[in-house]
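Reviewing the structure listed below.
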Amino acid sequence: MQNRLLFITTFLIITFYSQVNAQLKYTINESWHFVKDNSIQDINQFNSQKDKAELVDIPHTWNVEDVTDEEEGFYRGAGWYTKEVRIPTSFSEKEVFLFFEGVATAAEVYVNNKLASTHIGGFTRFVVPVSDYIKFDKATEFTTFNVTVKADNSDNEDWPALHADFTFFGGMYRDVNLVVREKVHFNIEEDAANGVFITTPKVSAESGDINLKVKIQNDETSAKKVKLVTKIYGPNQELVQEKTASLKLKAGISNEFNLELKPVSNPQLWSTDSPNLYKVVCEIYDAKTNQKLDESANPLGFRWFKFDVDKGFFLNGEYLKLIGTNRHQDYKDISNAVPDHIHVEDVLLMKAMGSNFLRIAHYPQDPAILELCDRLGIITTVETPIIDTVTESEGFTKNCLSAQLEMIRQNYNHPSLVIWAYMNEIILHPKFKNDKERYKIYTDYIVELAQKIEDLTRAEDPYRYTMIPNHNSVERYSEAGLTDVPMIVGWNIYNGWYGGSYTLLPERIEAMRAKVKKPMIITEYGAGVDPRLHTLYPTRFDFTQEYGVEYHKYYLEYFAKNDFIAGANVWNYADFNSEGRIDAVQSINNKGLVTLDRTPKDVFYFYQASLLKEPFLAIATKTWGQRTYVEDKDGSGISTMPVQIFSNQNEIELVLNGKSLGVKKVVDKIAVFEVPFVDGTNQLVAKSTNGIYLEDFSAIRINVLPISLKNFPASGISINVGDQRFFYDDQIKQAWMFDRAYTEGGWGHIGGEPYVRPVKNAQQPYGAKKTIKGTKNDPLYQTQLKGIEQYRFDVPAGVYEVKLHFAELEGTKAKHLPYDLTEETLEVAKITNRTFSVIINGNKVLDKMDILGQYGEYRAVKIKSEVSVKDGEPLIVDFKKIVGEPVLNAIEIYKKL
């Protein structure tokens with residue numbers, strides 16, 4: 001029976017491959033043997049160490065864990081992959097290729113231990129012809145060959161990007177494909193394009209021109225006559241037109257032809273609301289035998305567009321405000337080695353947000369992104385990874401030009417794509433800041449490189465626009481001459497986040513507009529939001545959900561009323577890995593509208609209310625599953641807190657636990673209700689009132705803290721000391737309330753001031769800007785009270801557990817990190833190890849506590865103790881100064897008995 005099944009399986013495989021004619025492409029992602037070792041010098045040394053290999057599947061990166069651990073830095077070096085590939089021996093009559101969709105950052109590809117190809121650039125695709133390296137045994141049905149890939153994400157001064165606010169993951173992190181073609185085929189080996197380039201030089205509602213540039217490779221030893229059949233299919237898959245051209249191919253080279261097709265009458269136009277897609281199918285046939293040799297299918301969208309310096313963007317003759325996001329390609333726990341499903345879901349979620357614009361930043365991404373933008377109607381811009389700094393070398397220039405060329409040719413036919421971009425904030429961190437003469441040489445090189453990229457781009461594609469995104473220092477870029485080069489200038493603006501108030505935004509944009517007379521796109525703006533943080537008092541750089549909404553509301557309203565701003569891209573669609581970042585979440589840039597695992601934040605719902613045309617409403621703080629707050633008045637058991645409802649309706653009704661709280665007007669897409677929460681789970685239902693069925697639900701659990709502690713809460717009390725932010729530990733579902741001063745009969749701190757970073761013009765109003773080791777709850781430990789004297793709780797008699805949280809925040813000089821967009825002058829104080837004792841109700845729990853000496857700087861310290869409180873006495877935690885000022889970062893108490 002087993003032999004019979006084996007025979008049938010083998011027969012089916014042979015039958016399948018024998019029927020392969022025009023083309024074949026499939027992934028070879030599974031079961032690669034992998035070794036990460038920077039000491040391996042060559043393939044022979046690697047082969048001798050293959051016994052150390054682990055088995056991995058592609059997509060794969062070796063940086064999943066080391067970019068999120070507490071150690072500074074991540075592995076940058078070489079990783080080796082190897083695999084045996086089995087193919088039918090009949091492929092000896094064809095051309096066999098390896099097609100890599102992404103290897104970071106440089107790749108060496110060996111076939112049967114011989115170097116077949118190299119590639120520099122971690123974000124573009126490349127093709128490796130391998131037929132000449134395979135020994136086909138005609139006596140067998142199948143042939144096996146070995147593929148070995150060295151991937152390298154080392155820091156190399158000639159490999160862009162050199163430096164950026166995201167992690168440079170290494171590995172074969174996108175699909176690897178085996179591709180089989182006839183000897184005559186569309187040229188895929190040149191820049192990993194598909195050999196067909198479509199332009200629509202003239203489009204109107206009445207007619208759409210179609211021109212083709214076709215590259216056909218003839219690997220035969222003699223000239224070849226072929227027929228090229230081109231078919232145009234409409235959005236409903238109907239055949240619109242067909243054209244046949246007879247072509248003569250020279251042997252051994254790529255043959256290029258330009259074809260003009262008959263204009264399509266009354267085309268169904270591609271737009272963001274109606275993304276009508278045509279399809280262009282090009283087929284190559286042998287002129288003598290009529291055998292089909294190859295096929296290439298590409299999208300076609302009839303649209304015309306224009307950017308105007310004063311009036312903004314026009315699509316198909318109609319004004320359109322472009323509003324959307326930027327996107328990085330990584331995801332929680334798998335980094336950038338993401339499956340296609342995540343790419344697809346991301347674009348679907350962007351469309352659900354109401355976005356019509358995507359900046360694919362700062363590098364080309366998986367093919368699925370642009371494919372879905374074509375289908376859903378999202379205007380896009382894509383750019384090469386030349387970021388922050390450059391190297392003045394021939395090698396760097398060559399690699400920049402190569403990356404731009406590959407990006408253009410690989411993505412040429414997407415109707416959603418309207419802008420080719422390059423050089424993000426390239427003069428932001430000059431290497432020669434204090435040497436004017438040397439700085440001039442440096443900036444001259446940047447402008448010269450930009451002009452080379454610009455010239456290449458215009459030559460390859462004269463129908464799309466070009467853009468350079470800049471930091472908002474308009475004077476620096478215009479004086480260097482960089483703003484003179486591209487057709488559009490993008491500006492990355494963070495007023496109200498990295499510095500100043502967001503109300504300074506109009507002034508800054510008007511200054512840019514006056515200085516640079518070119519179409520303008522706001523390519524970046526955003527504010528960090530940690531979904532675990534909330535406040536009643538939003539403040540710049542507090543990372544709360546509430547400030548995020550406030551910030552984005554101001555920006556979006558300003559953009560909407562100024563037509564000259566052609567478009568705006570939020571930084572960023574999703575939180576992303578940035579190993580060197582020190583914000584509320586370690587190694588994460590959390591300016592995303594959704595989290596790293598794609599959970600929407602409040603600001604995402606605000607954008608839906610602002611951008612969607614269909615009726616919408618959503619209750620805020622869905623990620624705030626549990627909270628704790630003090631009751632309104634003694635004994636009431638009710639905590640009244642504001643709740644925002646985001647909606648594009650005029651009025652909203654809110655129901656709490658089955659009882660209506662009335663109807664509120666929606667003002668600027670937000671209705672605010674003061675909600676009297678009761679202890680325990682509260683059910684909220686928001687409803688539209690205009691006859692349209694529109695509801696949203698939210699279950700919110702509240703631990704209502706009594707003003708008087710006569711009845712001590714069973715949930716205990718958890719306080720984020722020295723802070724005015726609520727904190728929610730979403731891993732263990734623990735809610736923390738912000739700090740307060742002591743009131744008689746209740747609880748709170750006595751003495752002390754919130755820790756303020758010793759920096760002039762510091763970004764955040766209070767707290768440290770350092771990663772706290774030993775915890776995932778950095779915000780609890782980045783703030784503290786300095787000089788605290790007591791923390792007092794007027795509790796009833798009983799046995800209590802007291803947990804104290806400390807961290808030393810003044811251990812070293814703060815860094816000026818590369819993503820800080822303001823200049824800061826550090827005032828470094830003389831550091832002395834603080835020493836203090838902690839006494840709880842007369843018992844010395846901590847004697848001569850020296851946080852820095854005992855535990856080190858920026859490390860979470862948790863100390864738990866028990867205390868027996870007698871009737872009529874309070875629970876008092878005393879902090880006795882010995883050297884320096886006592887500190888406390890957080891405190892918890894629970895009643896045990």
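Chain identifiers are assigned as A, B, and so on, following the order in which chains appear in the structure tokens; residues are numbered from 1 within each chain, and ligands are numbered from 1 in order of appearance.
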List every residue of range 107-174 of chain A that has an atom at most 10 Å from any atom of range 381-387 of chain A, and for each one report the closest atom pair and its distance in Å to one decimal, counting only C-alpha atoms, with rows sorted by chain and then by increasing residue number, as a Markdown table.
```
| residue | atom | partner | partner_atom | distance |
| --- | --- | --- | --- | --- |
| A:Gly121 | CA | A:Pro385 | CA | 8.9 |
| A:Gly122 | CA | A:Pro385 | CA | 9.2 |
| A:Phe123 | CA | A:Pro385 | CA | 8.3 |
| A:Thr124 | CA | A:Thr384 | CA | 9.2 |
| A:Trp159 | CA | A:Ile386 | CA | 9.3 |
| A:Pro160 | CA | A:Ile386 | CA | 5.6 |
| A:Ala161 | CA | A:Pro385 | CA | 5.1 |
| A:Leu162 | CA | A:Ile387 | CA | 7.0 |
| A:His163 | CA | A:Ile387 | CA | 6.5 |
| A:Ala164 | CA | A:Ile387 | CA | 6.1 |
| A:Asp165 | CA | A:Ile387 | CA | 9.1 |
```
Members of range 503-721 of chain A assigned alpha helix (DSSP H) by DSSP, as number ranges by chain:
A: 505-515, 545-560, 602-611
Residues of the last selection are to be written out with N, CA and C atoms, as an mmCIF file, in the first residue's frame.
```cif
data_model
loop_
_atom_site.group_PDB
_atom_site.id
_atom_site.type_symbol
_atom_site.label_atom_id
_atom_site.label_comp_id
_atom_site.auth_asym_id
_atom_site.auth_seq_id
_atom_site.Cartn_x
_atom_site.Cartn_y
_atom_site.Cartn_z
ATOM 1 N N LEU A 505 2.316 75.404 15.693
ATOM 2 C CA LEU A 505 2.310 74.754 14.382
ATOM 3 C C LEU A 505 2.014 75.718 13.233
ATOM 4 N N PRO A 506 0.958 76.540 13.287
ATOM 5 C CA PRO A 506 0.682 77.434 12.150
ATOM 6 C C PRO A 506 1.847 78.360 11.833
ATOM 7 N N GLU A 507 2.459 78.894 12.863
ATOM 8 C CA GLU A 507 3.587 79.804 12.658
ATOM 9 C C GLU A 507 4.740 79.106 11.940
ATOM 10 N N ARG A 508 5.001 77.866 12.349
ATOM 11 C CA ARG A 508 6.119 77.133 11.748
ATOM 12 C C ARG A 508 5.829 76.781 10.302
ATOM 13 N N ILE A 509 4.628 76.357 10.030
ATOM 14 C CA ILE A 509 4.285 75.969 8.665
ATOM 15 C C ILE A 509 4.278 77.185 7.750
ATOM 16 N N GLU A 510 3.805 78.300 8.223
ATOM 17 C CA GLU A 510 3.823 79.515 7.400
ATOM 18 C C GLU A 510 5.259 79.930 7.081
ATOM 19 N N ALA A 511 6.173 79.741 8.028
ATOM 20 C CA ALA A 511 7.582 80.042 7.771
ATOM 21 C C ALA A 511 8.146 79.141 6.676
ATOM 22 N N MET A 512 7.761 77.885 6.683
ATOM 23 C CA MET A 512 8.196 76.946 5.648
ATOM 24 C C MET A 512 7.614 77.326 4.294
ATOM 25 N N ARG A 513 6.364 77.669 4.310
ATOM 26 C CA ARG A 513 5.689 78.035 3.067
ATOM 27 C C ARG A 513 6.304 79.291 2.448
ATOM 28 N N ALA A 514 6.673 80.243 3.304
ATOM 29 C CA ALA A 514 7.274 81.478 2.806
ATOM 30 C C ALA A 514 8.674 81.242 2.247
ATOM 31 N N LYS A 515 9.383 80.290 2.830
ATOM 32 C CA LYS A 515 10.782 80.049 2.449
ATOM 33 C C LYS A 515 10.909 79.166 1.221
ATOM 34 N N GLN A 545 -2.886 58.652 26.781
ATOM 35 C CA GLN A 545 -3.875 58.593 25.704
ATOM 36 C C GLN A 545 -4.547 59.958 25.516
ATOM 37 N N GLU A 546 -4.776 60.638 26.613
ATOM 38 C CA GLU A 546 -5.516 61.900 26.550
ATOM 39 C C GLU A 546 -4.720 62.990 25.830
ATOM 40 N N TYR A 547 -3.423 63.084 26.114
ATOM 41 C CA TYR A 547 -2.645 64.096 25.403
ATOM 42 C C TYR A 547 -2.517 63.734 23.925
ATOM 43 N N GLY A 548 -2.410 62.451 23.627
ATOM 44 C CA GLY A 548 -2.342 62.039 22.230
ATOM 45 C C GLY A 548 -3.540 62.523 21.437
ATOM 46 N N VAL A 549 -4.732 62.381 22.000
ATOM 47 C CA VAL A 549 -5.944 62.850 21.315
ATOM 48 C C VAL A 549 -5.915 64.363 21.165
ATOM 49 N N GLU A 550 -5.542 65.060 22.223
ATOM 50 C CA GLU A 550 -5.500 66.527 22.200
ATOM 51 C C GLU A 550 -4.540 67.023 21.117
ATOM 52 N N TYR A 551 -3.377 66.416 21.062
ATOM 53 C CA TYR A 551 -2.353 66.802 20.087
ATOM 54 C C TYR A 551 -2.850 66.573 18.658
ATOM 55 N N HIS A 552 -3.328 65.367 18.375
ATOM 56 C CA HIS A 552 -3.751 65.034 17.017
ATOM 57 C C HIS A 552 -4.970 65.835 16.589
ATOM 58 N N LYS A 553 -5.839 66.139 17.515
ATOM 59 C CA LYS A 553 -7.023 66.945 17.200
ATOM 60 C C LYS A 553 -6.604 68.306 16.664
ATOM 61 N N TYR A 554 -5.638 68.929 17.315
ATOM 62 C CA TYR A 554 -5.194 70.246 16.870
ATOM 63 C C TYR A 554 -4.561 70.162 15.479
ATOM 64 N N TYR A 555 -3.676 69.219 15.288
ATOM 65 C CA TYR A 555 -2.993 69.075 14.006
ATOM 66 C C TYR A 555 -3.974 68.795 12.874
ATOM 67 N N LEU A 556 -4.862 67.840 13.091
ATOM 68 C CA LEU A 556 -5.774 67.432 12.024
ATOM 69 C C LEU A 556 -6.715 68.567 11.633
ATOM 70 N N GLU A 557 -7.205 69.311 12.610
ATOM 71 C CA GLU A 557 -8.086 70.434 12.304
ATOM 72 C C GLU A 557 -7.346 71.507 11.506
ATOM 73 N N TYR A 558 -6.082 71.747 11.838
ATOM 74 C CA TYR A 558 -5.302 72.742 11.102
ATOM 75 C C TYR A 558 -5.049 72.286 9.673
ATOM 76 N N PHE A 559 -4.698 71.042 9.485
ATOM 77 C CA PHE A 559 -4.448 70.534 8.133
ATOM 78 C C PHE A 559 -5.702 70.621 7.270
ATOM 79 N N ALA A 560 -6.845 70.293 7.864
ATOM 80 C CA ALA A 560 -8.091 70.226 7.106
ATOM 81 C C ALA A 560 -8.490 71.581 6.536
ATOM 82 N N ASP A 602 -6.797 55.233 21.616
ATOM 83 C CA ASP A 602 -7.910 56.186 21.526
ATOM 84 C C ASP A 602 -7.807 57.058 20.282
ATOM 85 N N VAL A 603 -6.598 57.484 19.966
ATOM 86 C CA VAL A 603 -6.427 58.411 18.858
ATOM 87 C C VAL A 603 -6.805 57.775 17.527
ATOM 88 N N PHE A 604 -6.709 56.461 17.416
ATOM 89 C CA PHE A 604 -7.153 55.768 16.203
ATOM 90 C C PHE A 604 -8.645 55.995 15.985
ATOM 91 N N TYR A 605 -9.427 55.886 17.070
ATOM 92 C CA TYR A 605 -10.871 56.089 16.958
ATOM 93 C C TYR A 605 -11.196 57.551 16.628
ATOM 94 N N PHE A 606 -10.367 58.466 17.139
ATOM 95 C CA PHE A 606 -10.580 59.869 16.791
ATOM 96 C C PHE A 606 -10.405 60.077 15.286
ATOM 97 N N TYR A 607 -9.401 59.440 14.705
ATOM 98 C CA TYR A 607 -9.205 59.565 13.252
ATOM 99 C C TYR A 607 -10.367 58.939 12.490
ATOM 100 N N GLN A 608 -10.887 57.828 12.984
ATOM 101 C CA GLN A 608 -12.045 57.247 12.308
ATOM 102 C C GLN A 608 -13.213 58.220 12.311
ATOM 103 N N ALA A 609 -13.479 58.829 13.453
ATOM 104 C CA ALA A 609 -14.575 59.795 13.544
ATOM 105 C C ALA A 609 -14.342 60.983 12.623
ATOM 106 N N SER A 610 -13.084 61.355 12.440
ATOM 107 C CA SER A 610 -12.750 62.540 11.655
ATOM 108 C C SER A 610 -12.711 62.260 10.152
ATOM 109 N N LEU A 611 -12.365 61.045 9.758
ATOM 110 C CA LEU A 611 -12.104 60.766 8.342
ATOM 111 C C LEU A 611 -13.179 59.944 7.653
#
```
10 Å contact set for Ser587 in chain A, only C-alpha atoms, chain neighbours under 6 positions out, as a ChimeraX atom specification
/A:67-70,72,166-167,576-581,771
Determine, counting only C-alpha atoms, which protein, DNA and RNA residues have an atom within 8 Å of an atom of Glu753 in chain A; residues of the same chain fewer than 2 positions away are not included. Present the result as a list of chain:residue names.
A:Gly722, A:Gly751, A:Tyr755, A:Leu785, A:Lys786, A:Gly787, A:Ile788
Include C-alpha atoms and write out the residues we just selected as a JSON list (two decimals), in the first residue's frame.
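Dumped to out.json:
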```json
[["chain", "number", "residue", "atom", "x", "y", "z"],
["A", 722, "GLY", "CA", 5.33, 61.58, 42.18],
["A", 751, "GLY", "CA", 6.64, 66.28, 51.94],
["A", 755, "TYR", "CA", 11.47, 64.39, 40.35],
["A", 785, "LEU", "CA", 8.99, 62.00, 44.97],
["A", 786, "LYS", "CA", 12.32, 63.47, 46.08],
["A", 787, "GLY", "CA", 12.64, 64.54, 49.69],
["A", 788, "ILE", "CA", 9.58, 62.59, 50.79]]
```
Here is a test: counting only C-alpha atoms, which residue of A:Ser355, A:Ser207, A:Thr457, A:Ser865 is nearest to Arg303 in chain A?
A:Ser207
Which residues are close to Thr200 in chain A, i.e. within 10 Å by only C-alpha atoms, leaving aside same-chain residues fewer than 2 positions away? Reply as a PyMOL selection string.
chain A and resi 198+202-203+208-212+263+300-304+415+463
Can you tell me how far CA of Val347 in chain A sits from CA of Arg598 in chain A, in Å to one decimal?
11.5 Å
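Residue nearest Ile40 in chain A, chosen from A:Ala151, A:Leu115, A:Tyr319, A:Asn218 and counting only C-alpha atoms: A:Ala151.
Of the listed residues A:Val678, A:Ala568, A:Ile891, A:Ile120, the one whose atoms come nearest to Gly395 in chain A is A:Ile120, with distances taken using only C-alpha atoms.
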Between CA of His805 in chain A and CA of Pro642 in chain A, what distance in Å does the model show, to one decimal?
29.3 Å
Residue contacts of Arg409 in chain A (10 Å, only C-alpha atoms) excluding same-chain residues fewer than 3 positions away, as a PyMOL selection string
chain A and resi 190-197+404-406+412-413+460-461
Atoms to include: N, CA and C atoms. Write the selected residues as an mmCIF file, in the first residue's frame.
```
data_model
loop_
_atom_site.group_PDB
_atom_site.id
_atom_site.type_symbol
_atom_site.label_atom_id
_atom_site.label_comp_id
_atom_site.auth_asym_id
_atom_site.auth_seq_id
_atom_site.Cartn_x
_atom_site.Cartn_y
_atom_site.Cartn_z
ATOM 1 N N GLU A 190 17.066 41.545 -14.187
ATOM 2 C CA GLU A 190 17.530 42.931 -14.112
ATOM 3 C C GLU A 190 16.699 43.694 -13.084
ATOM 4 N N ASP A 191 17.273 43.935 -11.910
ATOM 5 C CA ASP A 191 16.656 44.700 -10.826
ATOM 6 C C ASP A 191 15.393 44.051 -10.267
ATOM 7 N N ALA A 192 15.229 42.746 -10.516
ATOM 8 C CA ALA A 192 14.088 41.987 -9.983
ATOM 9 C C ALA A 192 12.745 42.617 -10.359
ATOM 10 N N ALA A 193 12.710 43.290 -11.508
ATOM 11 C CA ALA A 193 11.452 43.791 -12.053
ATOM 12 C C ALA A 193 10.812 42.661 -12.860
ATOM 13 N N ASN A 194 9.640 42.916 -13.442
ATOM 14 C CA ASN A 194 9.006 41.824 -14.186
ATOM 15 C C ASN A 194 9.045 42.016 -15.693
ATOM 16 N N GLY A 195 9.814 42.996 -16.152
ATOM 17 C CA GLY A 195 10.031 43.148 -17.588
ATOM 18 C C GLY A 195 8.981 43.932 -18.334
ATOM 19 N N VAL A 196 7.919 44.364 -17.650
ATOM 20 C CA VAL A 196 6.860 45.141 -18.295
ATOM 21 C C VAL A 196 6.644 46.420 -17.491
ATOM 22 N N PHE A 197 6.718 47.563 -18.188
ATOM 23 C CA PHE A 197 6.574 48.856 -17.537
ATOM 24 C C PHE A 197 5.479 49.639 -18.250
ATOM 25 N N GLN A 404 17.557 53.136 -5.267
ATOM 26 C CA GLN A 404 16.496 53.929 -5.893
ATOM 27 C C GLN A 404 16.028 53.279 -7.197
ATOM 28 N N LEU A 405 16.972 52.814 -7.983
ATOM 29 C CA LEU A 405 16.632 52.200 -9.267
ATOM 30 C C LEU A 405 15.816 50.922 -9.057
ATOM 31 N N GLU A 406 16.257 50.079 -8.129
ATOM 32 C CA GLU A 406 15.518 48.849 -7.852
ATOM 33 C C GLU A 406 14.116 49.164 -7.347
ATOM 34 N N TYR A 412 6.939 49.897 -10.341
ATOM 35 C CA TYR A 412 6.613 50.874 -11.368
ATOM 36 C C TYR A 412 5.125 50.902 -11.731
ATOM 37 N N ASN A 413 4.471 49.765 -11.720
ATOM 38 C CA ASN A 413 3.139 49.672 -12.328
ATOM 39 C C ASN A 413 1.981 49.878 -11.357
ATOM 40 N N GLU A 460 13.848 57.581 -15.197
ATOM 41 C CA GLU A 460 13.144 56.302 -15.141
ATOM 42 C C GLU A 460 11.632 56.494 -15.188
ATOM 43 N N ASP A 461 11.136 57.547 -14.545
ATOM 44 C CA ASP A 461 9.689 57.747 -14.454
ATOM 45 C C ASP A 461 9.361 59.238 -14.502
#
```
Got a sec: who's within 7 Å of Met520 in chain A, counting only C-alpha atoms, leaving out chain neighbours fewer than 2 positions off, as a count of residues only?
8
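The shortest atom-to-atom distance to Lys231 in chain A, with only C-alpha atoms taken into account, belongs to A:Ile284 out of A:Ile284, A:Ala251, A:Asp333, A:Glu189.
Closest to Leu269 in chain A among A:Leu315, A:Leu293, A:Leu875, A:Ile893 is A:Leu315, based on only C-alpha atoms.
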Between CA of Asp366 in chain A and CA of Asp340 in chain A, distance in Å (one decimal)
8.0 Å
From a backbone DSSP assignment, name each residue in range 700-865 of chain A labelled strand (DSSP E or B), as number ranges by chain.
A: 700-705, 717-720, 725-729, 734-738, 741, 747-750, 753-754, 756, 759-760, 767, 773, 785-786, 790-793, 798-806, 825-826, 835-840, 843-849, 859, 861-865
Can those selected residues be exported to a file as a short mmCIF file (atom, residue, chain, number, x, y, z; two decimals), in the first residue's frame so that it contains C-alpha atoms?
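File written: out35.cif
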```
data_model
loop_
_atom_site.label_atom_id
_atom_site.label_comp_id
_atom_site.auth_asym_id
_atom_site.auth_seq_id
_atom_site.Cartn_x
_atom_site.Cartn_y
_atom_site.Cartn_z
CA ILE A 700 -14.96 49.21 32.57
CA ARG A 701 -13.92 47.86 35.94
CA ILE A 702 -13.33 50.51 38.60
CA ASN A 703 -11.76 50.07 42.01
CA VAL A 704 -13.39 52.97 43.85
CA LEU A 705 -11.05 54.13 46.62
CA ILE A 717 -4.32 50.67 47.12
CA SER A 718 -1.65 51.08 44.41
CA ILE A 719 -0.16 54.55 43.93
CA ASN A 720 2.10 55.86 41.17
CA ARG A 725 -0.88 59.77 35.60
CA PHE A 726 -2.97 56.67 36.04
CA PHE A 727 -1.07 53.52 35.12
CA TYR A 728 -2.55 50.19 34.04
CA ASP A 729 -0.35 47.11 34.08
CA GLN A 734 -3.29 45.94 37.95
CA ALA A 735 -4.58 49.50 38.14
CA TRP A 736 -2.52 52.29 39.70
CA MET A 737 -3.82 55.69 40.72
CA PHE A 738 -1.83 58.88 40.51
CA ALA A 741 -1.01 64.79 49.15
CA TRP A 747 -4.06 58.76 52.64
CA GLY A 748 -1.28 60.44 50.67
CA HIS A 749 2.29 61.71 50.82
CA ILE A 750 3.73 64.23 53.22
CA GLU A 753 8.52 67.19 45.22
CA PRO A 754 8.13 65.28 41.93
CA VAL A 756 12.37 66.71 37.49
CA VAL A 759 18.03 69.35 31.95
CA LYS A 760 17.18 72.75 30.59
CA GLY A 767 10.39 62.02 35.47
CA LYS A 773 15.96 47.52 34.31
CA LEU A 785 8.99 62.00 44.97
CA LYS A 786 12.32 63.47 46.08
CA GLN A 790 6.12 60.19 54.98
CA TYR A 791 3.46 58.23 53.19
CA ARG A 792 0.44 57.95 55.49
CA PHE A 793 -2.70 55.81 55.42
CA GLY A 798 -5.29 44.97 61.04
CA VAL A 799 -2.30 43.33 59.43
CA TYR A 800 -1.13 45.01 56.23
CA GLU A 801 1.31 44.19 53.50
CA VAL A 802 3.30 47.20 52.29
CA LYS A 803 5.24 47.05 49.05
CA LEU A 804 7.68 49.88 48.33
CA HIS A 805 9.08 50.58 44.86
CA PHE A 806 12.34 52.45 44.28
CA THR A 825 21.90 71.64 27.55
CA LEU A 826 22.61 69.27 30.37
CA THR A 835 21.20 57.03 51.91
CA PHE A 836 18.03 56.91 53.97
CA SER A 837 16.13 54.60 56.25
CA VAL A 838 12.52 53.46 55.97
CA ILE A 839 10.51 52.97 59.15
CA ILE A 840 6.96 51.60 59.14
CA ASN A 843 9.84 49.33 62.82
CA LYS A 844 12.97 50.05 60.82
CA VAL A 845 12.34 48.04 57.66
CA LEU A 846 15.25 49.43 55.64
CA ASP A 847 18.36 50.61 57.44
CA LYS A 848 20.62 52.96 55.51
CA MET A 849 19.03 52.24 52.16
CA ARG A 859 16.91 49.48 38.26
CA VAL A 861 13.71 47.73 43.42
CA LYS A 862 10.68 46.17 45.15
CA ILE A 863 10.66 45.57 48.88
CA LYS A 864 7.70 44.05 50.69
CA SER A 865 7.01 44.10 54.41
#
```
